[in-house]
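Structure below is target-v4.cif: mmCIF, C-alpha atoms.
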data_final
#
loop_
_atom_site.label_atom_id
_atom_site.label_comp_id
_atom_site.auth_asym_id
_atom_site.auth_seq_id
_atom_site.Cartn_x
_atom_site.Cartn_y
_atom_site.Cartn_z
CA MET A 568 -22.52 -20.44 -12.32
CA HIS A 569 -24.09 -19.60 -8.98
CA ALA A 570 -23.45 -15.99 -7.94
CA SER A 571 -21.91 -16.95 -4.59
CA ILE A 572 -19.31 -19.06 -6.38
CA LEU A 573 -18.59 -16.16 -8.71
CA LEU A 574 -18.00 -13.87 -5.74
CA LEU A 575 -15.52 -16.33 -4.26
CA SER A 576 -13.60 -16.01 -7.48
CA ALA A 577 -13.91 -12.23 -7.65
CA LEU A 578 -12.63 -11.79 -4.12
CA GLY A 579 -9.92 -14.37 -4.42
CA ALA A 580 -11.88 -16.95 -2.42
CA SER A 581 -10.21 -15.41 0.59
CA VAL A 582 -12.55 -13.51 2.86
CA PHE A 583 -15.08 -16.30 2.72
CA ALA A 584 -12.68 -19.08 3.70
CA ALA A 585 -13.01 -20.87 7.02
CA PRO A 586 -11.72 -18.60 9.82
CA VAL A 587 -8.44 -19.33 11.53
CA ALA A 588 -8.74 -19.96 15.24
CA PRO A 589 -7.08 -17.35 17.48
CA ASP A 590 -4.30 -18.24 19.87
CA ALA A 591 -5.55 -19.64 23.16
CA GLY A 592 -6.36 -17.06 25.80
CA LEU A 593 -6.47 -14.10 23.43
CA ALA A 594 -10.16 -13.38 23.95
CA ALA A 595 -9.65 -13.35 27.71
CA ARG A 596 -6.80 -10.87 27.29
CA MET A 597 -8.89 -8.64 25.04
CA PRO A 598 -12.45 -8.35 26.40
CA ASP A 599 -13.84 -6.74 23.23
CA GLY A 600 -12.53 -9.52 20.98
CA ILE A 601 -15.74 -11.54 20.89
CA GLU A 602 -17.87 -8.52 19.98
CA SER A 603 -15.54 -7.60 17.12
CA LEU A 604 -15.58 -11.15 15.79
CA SER A 605 -19.35 -11.18 15.96
CA GLU A 606 -19.57 -7.95 13.97
CA TYR A 607 -17.22 -9.35 11.36
CA PHE A 608 -19.11 -12.60 10.85
CA ASN A 609 -22.48 -10.84 10.87
CA MET A 610 -21.25 -8.53 8.11
CA LEU A 611 -19.77 -11.48 6.23
CA ALA A 612 -23.06 -13.36 6.42
CA ALA A 613 -24.95 -10.32 5.15
CA ARG A 614 -22.60 -9.88 2.18
CA THR A 615 -22.87 -13.57 1.34
CA GLN A 616 -26.66 -13.32 1.40
CA ASP A 617 -26.49 -10.28 -0.89
CA VAL A 618 -24.51 -12.30 -3.41
CA LYS A 619 -27.00 -15.17 -3.35
CA LEU A 620 -29.64 -12.72 -4.55
CA MET A 621 -27.53 -11.48 -7.46
CA ASP A 622 -27.37 -13.00 -10.92
CA ARG A 623 -23.65 -12.27 -11.27
CA ALA A 624 -20.70 -11.48 -9.03
CA PRO A 625 -19.68 -7.89 -8.32
CA VAL A 626 -16.92 -6.58 -10.56
CA CYS A 627 -13.53 -6.04 -8.97
CA ASP A 628 -13.05 -2.50 -10.28
CA LEU A 629 -10.41 -0.50 -8.40
CA SER A 630 -11.41 2.67 -10.24
CA LYS A 631 -14.53 2.72 -8.06
CA ALA A 632 -12.57 2.44 -4.78
CA THR A 633 -12.32 5.64 -2.76
CA LEU A 634 -9.78 6.47 -0.08
CA PRO A 635 -11.32 6.81 3.38
CA PRO A 636 -11.94 10.52 4.07
CA SER A 637 -9.26 12.36 6.03
CA ALA A 638 -7.30 15.61 6.08
CA LEU A 639 -4.47 14.00 4.11
CA ALA A 640 -3.67 15.55 0.74
CA GLY A 641 -5.31 13.57 -2.05
CA PRO A 642 -3.52 11.55 -4.73
CA SER A 643 -1.67 13.64 -7.30
CA PRO A 644 -3.44 14.28 -10.62
CA GLY A 645 -3.01 11.55 -13.18
CA LEU A 646 -2.39 8.74 -10.72
CA LYS A 647 -4.55 5.61 -10.54
CA LEU A 648 -5.05 3.09 -7.78
CA ALA A 649 -2.97 -0.01 -8.49
CA HIS A 650 -3.35 -2.11 -5.35
CA VAL A 651 -4.75 -2.15 -1.82
CA ALA A 652 -3.21 -4.32 0.87
CA ILE A 653 -3.87 -4.95 4.53
CA GLY A 654 -0.60 -4.80 6.44
CA ARG A 655 -0.19 -6.87 9.62
CA GLY A 656 2.95 -6.60 11.66
CA THR A 657 4.72 -4.48 14.25
CA GLN A 658 5.65 -0.88 14.81
CA ASN A 659 9.11 -0.91 16.40
CA TYR A 660 10.46 1.51 19.00
CA THR A 661 13.59 2.25 20.99
CA CYS A 662 14.28 3.76 24.39
CA ALA A 663 18.01 2.97 24.28
CA GLY A 664 19.97 5.87 25.76
CA LEU A 665 16.83 7.91 26.39
CA ALA A 666 15.70 9.36 29.70
CA PRO A 667 12.61 7.78 31.32
CA THR A 668 10.69 10.98 30.64
CA ALA A 669 11.61 11.02 26.95
CA ALA A 670 9.27 9.81 24.22
CA PRO A 671 10.28 6.49 22.61
CA GLY A 672 12.02 6.81 19.28
CA SER A 673 10.74 5.14 16.13
CA ALA A 674 12.69 2.14 14.87
CA GLY A 675 10.62 1.51 11.76
CA ALA A 676 8.07 -1.20 11.11
CA VAL A 677 7.80 -4.68 9.67
CA ALA A 678 4.64 -6.11 8.13
CA THR A 679 3.29 -8.64 5.68
CA LEU A 680 0.94 -7.18 3.07
CA PHE A 681 -2.18 -9.12 2.12
CA ASN A 682 -4.10 -8.51 -1.10
CA ALA A 683 -7.34 -6.70 -0.27
CA SER A 684 -7.90 -4.95 -3.60
CA CYS A 685 -11.12 -6.72 -4.56
CA VAL A 686 -12.51 -6.61 -1.02
CA VAL A 687 -11.99 -2.84 -0.83
CA ALA A 688 -13.38 -2.31 -4.33
CA THR A 689 -16.48 -4.39 -3.63
CA TYR A 690 -17.17 -4.18 0.12
CA PRO A 691 -15.02 -1.45 1.74
CA ALA A 692 -16.82 -1.76 5.08
CA LEU A 693 -15.89 -5.43 5.22
CA ALA A 694 -12.23 -4.57 4.55
CA LYS A 695 -12.28 -2.13 7.46
CA GLU A 696 -13.83 -4.80 9.67
CA ILE A 697 -10.99 -7.18 8.76
CA THR A 698 -8.44 -4.66 10.08
CA LYS A 699 -10.34 -4.34 13.35
CA VAL A 700 -10.63 -8.10 13.82
CA ALA A 701 -7.11 -9.03 12.65
CA ILE A 702 -5.54 -7.27 15.65
CA LYS A 703 -7.38 -9.72 17.92
CA PHE A 704 -5.39 -12.66 16.58
CA ASN A 705 -1.99 -12.94 18.21
CA LEU A 706 1.06 -12.36 16.03
CA SER A 707 3.34 -14.55 18.15
CA SER A 708 2.48 -17.85 16.44
CA THR A 709 4.90 -19.51 14.02
CA ASP A 710 2.76 -18.64 10.99
CA LYS A 711 2.54 -14.93 11.89
CA TRP A 712 3.89 -13.75 8.54
CA THR A 713 1.77 -15.99 6.32
CA LYS A 714 -1.81 -15.61 7.56
CA LEU A 715 -4.22 -12.77 8.22
CA ALA A 716 -6.80 -14.33 10.49
CA PRO A 717 -9.74 -14.61 10.29
CA SER A 718 -9.46 -14.28 6.49
CA THR A 719 -7.11 -16.14 4.17
CA LEU A 720 -6.15 -13.22 1.97
CA ALA A 721 -3.14 -14.01 -0.22
CA ILE A 722 0.21 -12.38 0.45
CA SER A 723 0.95 -9.58 -2.01
CA GLY A 724 4.00 -7.93 -0.49
CA LEU A 725 6.34 -7.08 2.35
CA HIS A 726 6.86 -3.81 4.22
CA TYR A 727 9.98 -2.85 6.16
CA PHE A 728 12.45 0.01 6.56
CA THR A 729 15.74 0.32 4.70
CA GLY A 730 16.84 3.28 6.83
CA PRO A 731 15.67 5.17 9.92
CA THR A 732 13.10 7.16 7.93
CA THR A 733 12.75 5.14 4.71
CA PRO A 734 9.74 2.81 4.53
CA PHE A 735 10.07 0.24 1.76
CA PHE A 736 7.36 -1.77 0.01
CA ASN A 737 8.06 -4.88 -2.04
CA LEU A 738 5.02 -5.83 -4.12
CA ASP A 739 6.98 -8.17 -6.39
CA VAL A 740 6.53 -11.22 -4.15
CA SER A 741 3.23 -12.16 -5.81
CA PRO A 742 2.91 -13.39 -9.42
CA LYS A 743 1.47 -10.03 -10.49
CA LYS A 744 4.72 -8.21 -9.56
CA ILE A 745 3.30 -4.73 -9.00
CA GLY A 746 6.61 -3.06 -8.15
CA GLN A 747 8.87 -1.88 -5.35
CA ALA A 748 9.14 1.52 -3.71
CA ALA A 749 11.30 3.23 -1.13
CA CYS A 750 9.29 6.17 0.19
CA SER A 751 9.43 9.47 2.05
CA LYS A 752 6.74 10.84 4.33
CA LYS A 753 4.74 13.60 2.66
CA ASP A 754 1.82 14.13 5.05
CA ALA A 755 0.45 12.75 8.33
CA VAL A 756 -2.73 13.14 10.35
CA ALA A 757 -3.83 11.56 13.60
CA ALA A 758 -6.01 8.47 13.29
CA PRO A 759 -9.72 9.11 13.87
CA ALA A 760 -10.73 9.25 17.51
CA ASP A 761 -12.85 6.12 17.08
CA ALA A 762 -10.06 4.05 15.48
CA ALA A 763 -9.72 0.59 17.00
CA LYS A 764 -7.10 0.22 19.70
CA GLY A 765 -4.25 -2.28 19.80
CA GLN A 766 -3.72 -5.40 21.88
CA LEU A 767 -2.45 -3.36 24.84
CA GLY A 768 -5.17 -0.76 24.51
CA GLU A 769 -2.87 1.68 22.72
CA PRO A 770 -4.27 4.14 20.16
CA ALA A 771 -3.89 3.67 16.43
CA VAL A 772 -0.83 5.07 14.67
CA ALA A 773 -1.22 8.04 12.36
CA TRP A 774 -2.56 7.95 8.81
CA LEU A 775 0.13 8.79 6.27
CA LYS A 776 0.73 9.87 2.71
CA LEU A 777 4.08 8.70 1.33
CA THR A 778 5.77 9.56 -1.95
CA ALA A 779 7.94 7.07 -3.83
CA ASN A 780 11.62 7.96 -4.12
CA ASP A 781 13.62 7.83 -7.33
CA GLY A 782 14.41 4.27 -8.36
CA SER A 783 11.00 2.85 -7.49
CA THR A 784 9.59 0.37 -10.01
CA GLY A 785 6.16 -0.44 -11.42
CA ASN A 786 5.44 3.28 -11.81
CA LEU A 787 4.57 3.41 -8.11
CA LYS A 788 4.30 7.05 -7.04
CA GLU A 789 2.32 7.40 -3.81
CA VAL A 790 1.33 5.19 -0.89
CA TYR A 791 -1.31 5.85 1.76
CA ARG A 792 -1.53 4.23 5.19
CA VAL A 793 -5.12 4.47 6.44
CA GLU A 794 -7.62 2.59 8.64
CA THR A 795 -4.87 1.99 11.19
CA VAL A 796 -5.41 -0.15 14.28
CA GLY A 797 -3.12 -0.03 17.32
CA GLY A 798 0.65 0.23 17.04
CA SER A 799 1.42 3.47 18.91
CA ALA A 800 4.09 3.78 21.60
CA PRO A 801 3.53 4.90 25.20
CA ALA A 802 4.04 8.59 25.91
CA THR A 803 7.38 8.08 27.66
CA CYS A 804 10.13 5.49 28.12
CA GLU A 805 9.28 5.05 31.80
CA GLY A 806 9.50 1.32 32.58
CA MET A 807 10.11 0.35 28.95
CA PRO A 808 12.95 -1.88 27.66
CA ALA A 809 15.64 -0.62 25.31
CA THR A 810 13.68 -1.87 22.31
CA PHE A 811 10.05 -2.99 22.02
CA GLN A 812 7.24 -3.54 19.53
CA ARG A 813 3.55 -2.81 19.21
CA GLN A 814 1.38 -4.92 16.92
CA TYR A 815 -0.66 -3.04 14.33
CA VAL A 816 -2.89 -3.41 11.28
CA ALA A 817 -3.46 -0.91 8.46
CA GLU A 818 -4.69 -0.55 4.92
CA TYR A 819 -2.05 0.47 2.37
CA TRP A 820 -3.22 2.07 -0.88
CA PHE A 821 -0.72 2.13 -3.76
CA PHE A 822 -1.05 4.62 -6.62
CA GLN A 823 0.89 4.52 -9.90
CA SER A 824 1.23 6.75 -12.94
#
I need this file expressed as structure tokens, please.
Amino acid sequence: MHASILLLSALGASVFAAPVAPDAGLAARMPDGIESLSEYFNMLAARTQDVKLMDRAPVCDLSKATLPPSALAGPSPGLKLAHVAIGRGTQNYTCAGLAPTAAPGSAGAVATLFNASCVVATYPALAKEITKVAIKFNLSSTDKWTKLAPSTLAISGLHYFTGPTTPFFNLDVSPKKIGQAACSKKDAVAAPADAAKGQLGEPAVAWLKLTANDGSTGNLKEVYRVETVGGSAPATCEGMPATFQRQYVAEYWFFQS
């Protein structure tokens, strides 16, 4: 079988699918959108050409995947990487009852998780490029929870909050059924200074290490949020509504015992 066909299989035939067109007017609203798309497709073309020169497809081996470097504490001894997903959704905030000079309060987040395990294991730079490009595609369309433009990565889970400070991950929505985990924040560091900004020009939200609470399934123990794009709130509530959202993208790395 031709190597390029093998790679389509290894990567879930997803990254190499025909791109989804962005909502009308998005490029005009985000001047750097065209450049980011160009970088993505140039990288995609280069990876495709690499595969054509190979006699077999790369192996999707998560044991070779490495967390992006940061000051976050590393995974606990004995844990192994079980899944990597790209989350696309909103960070939610509240200014209800707060003074205009006060910082907005967090109201959790909601995101769809898309299976990026084989992309990260094989071409981590391409996975990072997907996060940078995905923010350019508006989340206001009717299919916002089912597609990660410009790729067609398959849905592998859902992310939301079950309490003010309890992020929850459901990875049982795909046939593989990886598990479910309610988590607590263990560690946080600011996103790198060069992290891509959001649709309104806002900085990227922090990188996090989360630990799974008792009752989690699938032996899930730790979750990392890295390679964040956008999603942060303004410094104060001045001029902001009682509740509001900021679109974001991030990689989520799930470790199990």
Inset, instruction - Evaluate the PyMOL selection byres ((chain A and resi 658) around 12) and record the selected residues as a VMD selection string, following the chain and residue labels used in the document. - result: chain A and resid 654 to 657 659 to 661 671 to 678 726 to 728 734 765 769 771 to 773 795 to 800 810 to 817
Legend entry - Å distance separating CA of Ala669 (chain A) from CA of Gly806 (chain A), one decimal place: 11.4 Å
Inset, instruction - Counting all atoms listed in the file, figure out which residue out of A:Leu715, A:Leu787, A:Ile722, A:Ala649 gets nearest to Lys703 (chain A). - result: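 Smallest distance to Lys703 (chain A) is found for A:Leu715.
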Inset, instruction - Give me the result of the PyMOL selection byres ((chain A and resi 739-752) around 12) on this file, residue by residue, as a ChimeraX atom specification. - result: /A:639-640,648-652,679-682,721-738,753-756,773-792,821-823
Inset, instruction - Do a neighbour search on Ala688 (chain A) at 12 Å with only C-alpha atoms, toss out local chain neighbours closer than 2 positions, and write the hits as an NGL selection string. - result: :A and (577-578 or 625-634 or 648-652 or 682-686 or 690-695 or 820)
Inset, instruction - Work out how far CA of Thr803 (chain A) is from CA of Ala666 (chain A), in Å to one decimal. - result: 8.7 Å
Inset, instruction - Take CA of Ala758 (chain A) and CA of Gly664 (chain A) and report the distance between them in Å, one decimal. - result: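 Those two atoms sit 28.9 Å apart.
Nearest-residue note for Lys699 (chain A): choosing from A:Thr713, A:Ser637, A:Thr719, A:Gln766, the minimum distance belongs to A:Gln766, counting all atoms listed in the file.
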